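For reference, the structure discussed in these notes is given below.
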Amino acid sequence: MNAQPTPSRLVPSERLNAITSLIAEGSAFEGHFQSSRDQGIKIDGHLKGNVSFETGGTLHVGATGVIENTRLEADYVFIEGKVIGTVIARKALEITGSATLMGDASYDELIDMHPRARVRGKIEYRGDLGTTSG
């Protein structure tokens, strides 16, 4: 894995730096994380369960992080590790070159998929496509 974290190109660094909850590398957690507050969580370990922010929220899946059997929902989702499940990003979804996403992802505003990112599933824009004709 990378010794240095991948710099974010889309998710604001102040959002990533404000994260206060952590599932550390080498640890495992089974259950659901849910918050009605605009806060953040970083997963460097192994999580089996959902992560959901009713409003706001930043989710960072670190390079050593693995989340499976999951539904993830937050304003900002930054994936460097492995996710097996469904991802919903209300503002920005960023999938780095070290990331693996096996499942469907949807986003409302912005997406950035780095070179070498591995995705098996569909990616869908949930915003308004407008009525412009091409």
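Every chain in the structure tokens has a letter given in the order shown (A, B, ...), and although residue numbers restart at 1 in each chain, ligands are simply numbered from 1 in the order shown.
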
Exercise for the section: Please identify which residues in range 40-109 of chain A DSSP calls strand (DSSP E or B) from the backbone, and express them as a PyMOL selection string. Expected result: chain A and resi 40-43+46-48+51-53+58-61+66-79+82-95+100-102+105-107

Problem - Who sits within 6 Å of Glu80 in chain A, only C-alpha atoms, same chain under 2 positions skipped, as JSON, numbers by chain - result: {"A": [61, 62, 63, 96, 98, 99]}

Write out the residues from the selection above, keeping C-alpha atoms, as a PDB file, in the first residue's frame.
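Below is the file again.pdb, written as the result:
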```pdb
ATOM      1  CA  VAL A  61     -12.004   4.912   3.553  1.00  0.00           C
ATOM      2  CA  GLY A  62      -8.226   4.825   4.045  1.00  0.00           C
ATOM      3  CA  ALA A  63      -5.859   2.754   1.894  1.00  0.00           C
ATOM      4  CA  THR A  96      -8.553   7.038  -5.870  1.00  0.00           C
ATOM      5  CA  SER A  98      -5.671   2.504  -4.899  1.00  0.00           C
ATOM      6  CA  ALA A  99      -9.439   2.008  -4.432  1.00  0.00           C
TER       7      ALA A  99
END
```

Problem - Among the residues A:Gln39, A:Ser52, A:Thr20, A:Thr100, the one that comes closest to Gly65 in chain A [using only C-alpha atoms] - result: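 So, comparing all the options, the nearest one is A:Thr100.
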
Problem - Contacts of Arg15 in chain A within 9 Å, only C-alpha atoms, excl. fewer than 6 positions in-chain, as a list in words - result: Gln39, Gly40, Gly57, Thr58 and Tyr76 of chain A

Practice task
Go through A:His32, A:Lys122, A:Lys42, A:His60 and flag the residue nearest Leu93 in chain A, using only C-alpha atoms for the distances.
Solution key: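 Ranking A:His32, A:Lys122, A:Lys42, A:His60 by distance to Leu93 in chain A, first place goes to A:His60.
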
Problem - Counting only C-alpha atoms, the residue of A:Met102, A:Ala74, A:Ala89, A:Ile84 that sits nearest Gly49 in chain A - result: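 Nearest to Gly49 in chain A: A:Ile84.
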
Problem - Contacts of Glu124 in chain A at 8 Å (only C-alpha atoms; same-chain gap of 4+ positions) as a count of residues only - result: 4

Give me every helix (DSSP H, G or I) residue in chain A, going by DSSP on the backbone, as a compact mmCIF listing (two decimals) with N, CA, C and O atoms, in the first residue's frame.
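File states04.txt, as written:
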```txt
# COMPACT_ATOMS: atom_id res chain seq x y z
N SER A 13 -9.98 19.40 1.72
CA SER A 13 -9.06 18.91 2.74
C SER A 13 -9.53 19.29 4.14
O SER A 13 -9.32 18.54 5.09
N GLU A 14 -10.20 20.44 4.29
CA GLU A 14 -10.70 20.80 5.62
C GLU A 14 -11.75 19.82 6.11
O GLU A 14 -11.90 19.59 7.31
N ARG A 15 -12.50 19.20 5.19
CA ARG A 15 -13.47 18.18 5.58
C ARG A 15 -12.74 16.93 6.08
O ARG A 15 -13.12 16.33 7.08
N LEU A 16 -11.69 16.52 5.37
CA LEU A 16 -10.93 15.34 5.78
C LEU A 16 -10.18 15.59 7.08
O LEU A 16 -10.10 14.71 7.95
N ASN A 17 -9.64 16.78 7.26
CA ASN A 17 -8.88 17.11 8.47
C ASN A 17 -9.77 17.25 9.70
O ASN A 17 -9.28 17.17 10.82
```

Handout entry: Spatial neighbours of Glu54 in chain A, 9 Å, only C-alpha atoms, chain gap at least 2 places, as a list in words
Key =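 Residues meeting the cut-off are Gln34, Ser35, Ser36, Arg37, Asp38, Ser52, Gly56, Gly57, Glu73 and Ala74 of chain A.
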
Handout entry: Distance in Å - CA of Lys82 in chain A versus CA of Val66 in chain A
Key = 4.8 Å

Exercise for the section: Would you work out the distance separating CA of Val87 in chain A from CA of Ala24 in chain A, expressed in Å to one decimal? Expected result: 20.9 Å

Exercise for the section: With a distance cut-off of 8 Å and only C-alpha atoms, select the neighbouring residues of Leu72 in chain A, excluding the residue or stretch itself and same-chain residues fewer than 6 positions from it, and output the selection as a PyMOL selection string. Expected result: chain A and resi 50-52+85-88

Output N, CA, C and O atoms of each residue in that selection to a file, as an mmCIF file, in the first residue's frame.
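Generated file (again36.cif):
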```
data_model
loop_
_atom_site.group_PDB
_atom_site.id
_atom_site.type_symbol
_atom_site.label_atom_id
_atom_site.label_comp_id
_atom_site.auth_asym_id
_atom_site.auth_seq_id
_atom_site.Cartn_x
_atom_site.Cartn_y
_atom_site.Cartn_z
ATOM 1 N N ASN A 50 -23.176 -0.526 7.914
ATOM 2 C CA ASN A 50 -23.508 0.701 7.200
ATOM 3 C C ASN A 50 -22.903 1.916 7.890
ATOM 4 O O ASN A 50 -22.683 1.911 9.097
ATOM 5 N N VAL A 51 -22.678 2.973 7.096
ATOM 6 C CA VAL A 51 -22.296 4.282 7.620
ATOM 7 C C VAL A 51 -23.272 5.267 7.014
ATOM 8 O O VAL A 51 -23.403 5.352 5.790
ATOM 9 N N SER A 52 -23.969 6.025 7.865
ATOM 10 C CA SER A 52 -24.995 6.928 7.363
ATOM 11 C C SER A 52 -24.982 8.244 8.133
ATOM 12 O O SER A 52 -25.004 8.250 9.364
ATOM 13 N N GLY A 85 -20.381 -2.835 -1.601
ATOM 14 C CA GLY A 85 -21.712 -2.391 -1.232
ATOM 15 C C GLY A 85 -22.135 -1.185 -2.038
ATOM 16 O O GLY A 85 -21.602 -0.918 -3.113
ATOM 17 N N THR A 86 -23.062 -0.426 -1.506
ATOM 18 C CA THR A 86 -23.652 0.728 -2.175
ATOM 19 C C THR A 86 -23.118 2.011 -1.554
ATOM 20 O O THR A 86 -23.044 2.122 -0.331
ATOM 21 N N VAL A 87 -22.776 2.980 -2.414
ATOM 22 C CA VAL A 87 -22.255 4.266 -1.962
ATOM 23 C C VAL A 87 -23.151 5.378 -2.492
ATOM 24 O O VAL A 87 -23.470 5.408 -3.685
ATOM 25 N N ILE A 88 -23.541 6.305 -1.604
ATOM 26 C CA ILE A 88 -24.318 7.481 -1.990
ATOM 27 C C ILE A 88 -23.573 8.709 -1.478
ATOM 28 O O ILE A 88 -23.381 8.853 -0.268
#
```

Handout entry: Given only C-alpha atoms as the counted atoms, nearest of A:Ile67, A:Ile111, A:Val77, A:Ile43 to Tyr125 in chain A
Key = A:Ile111
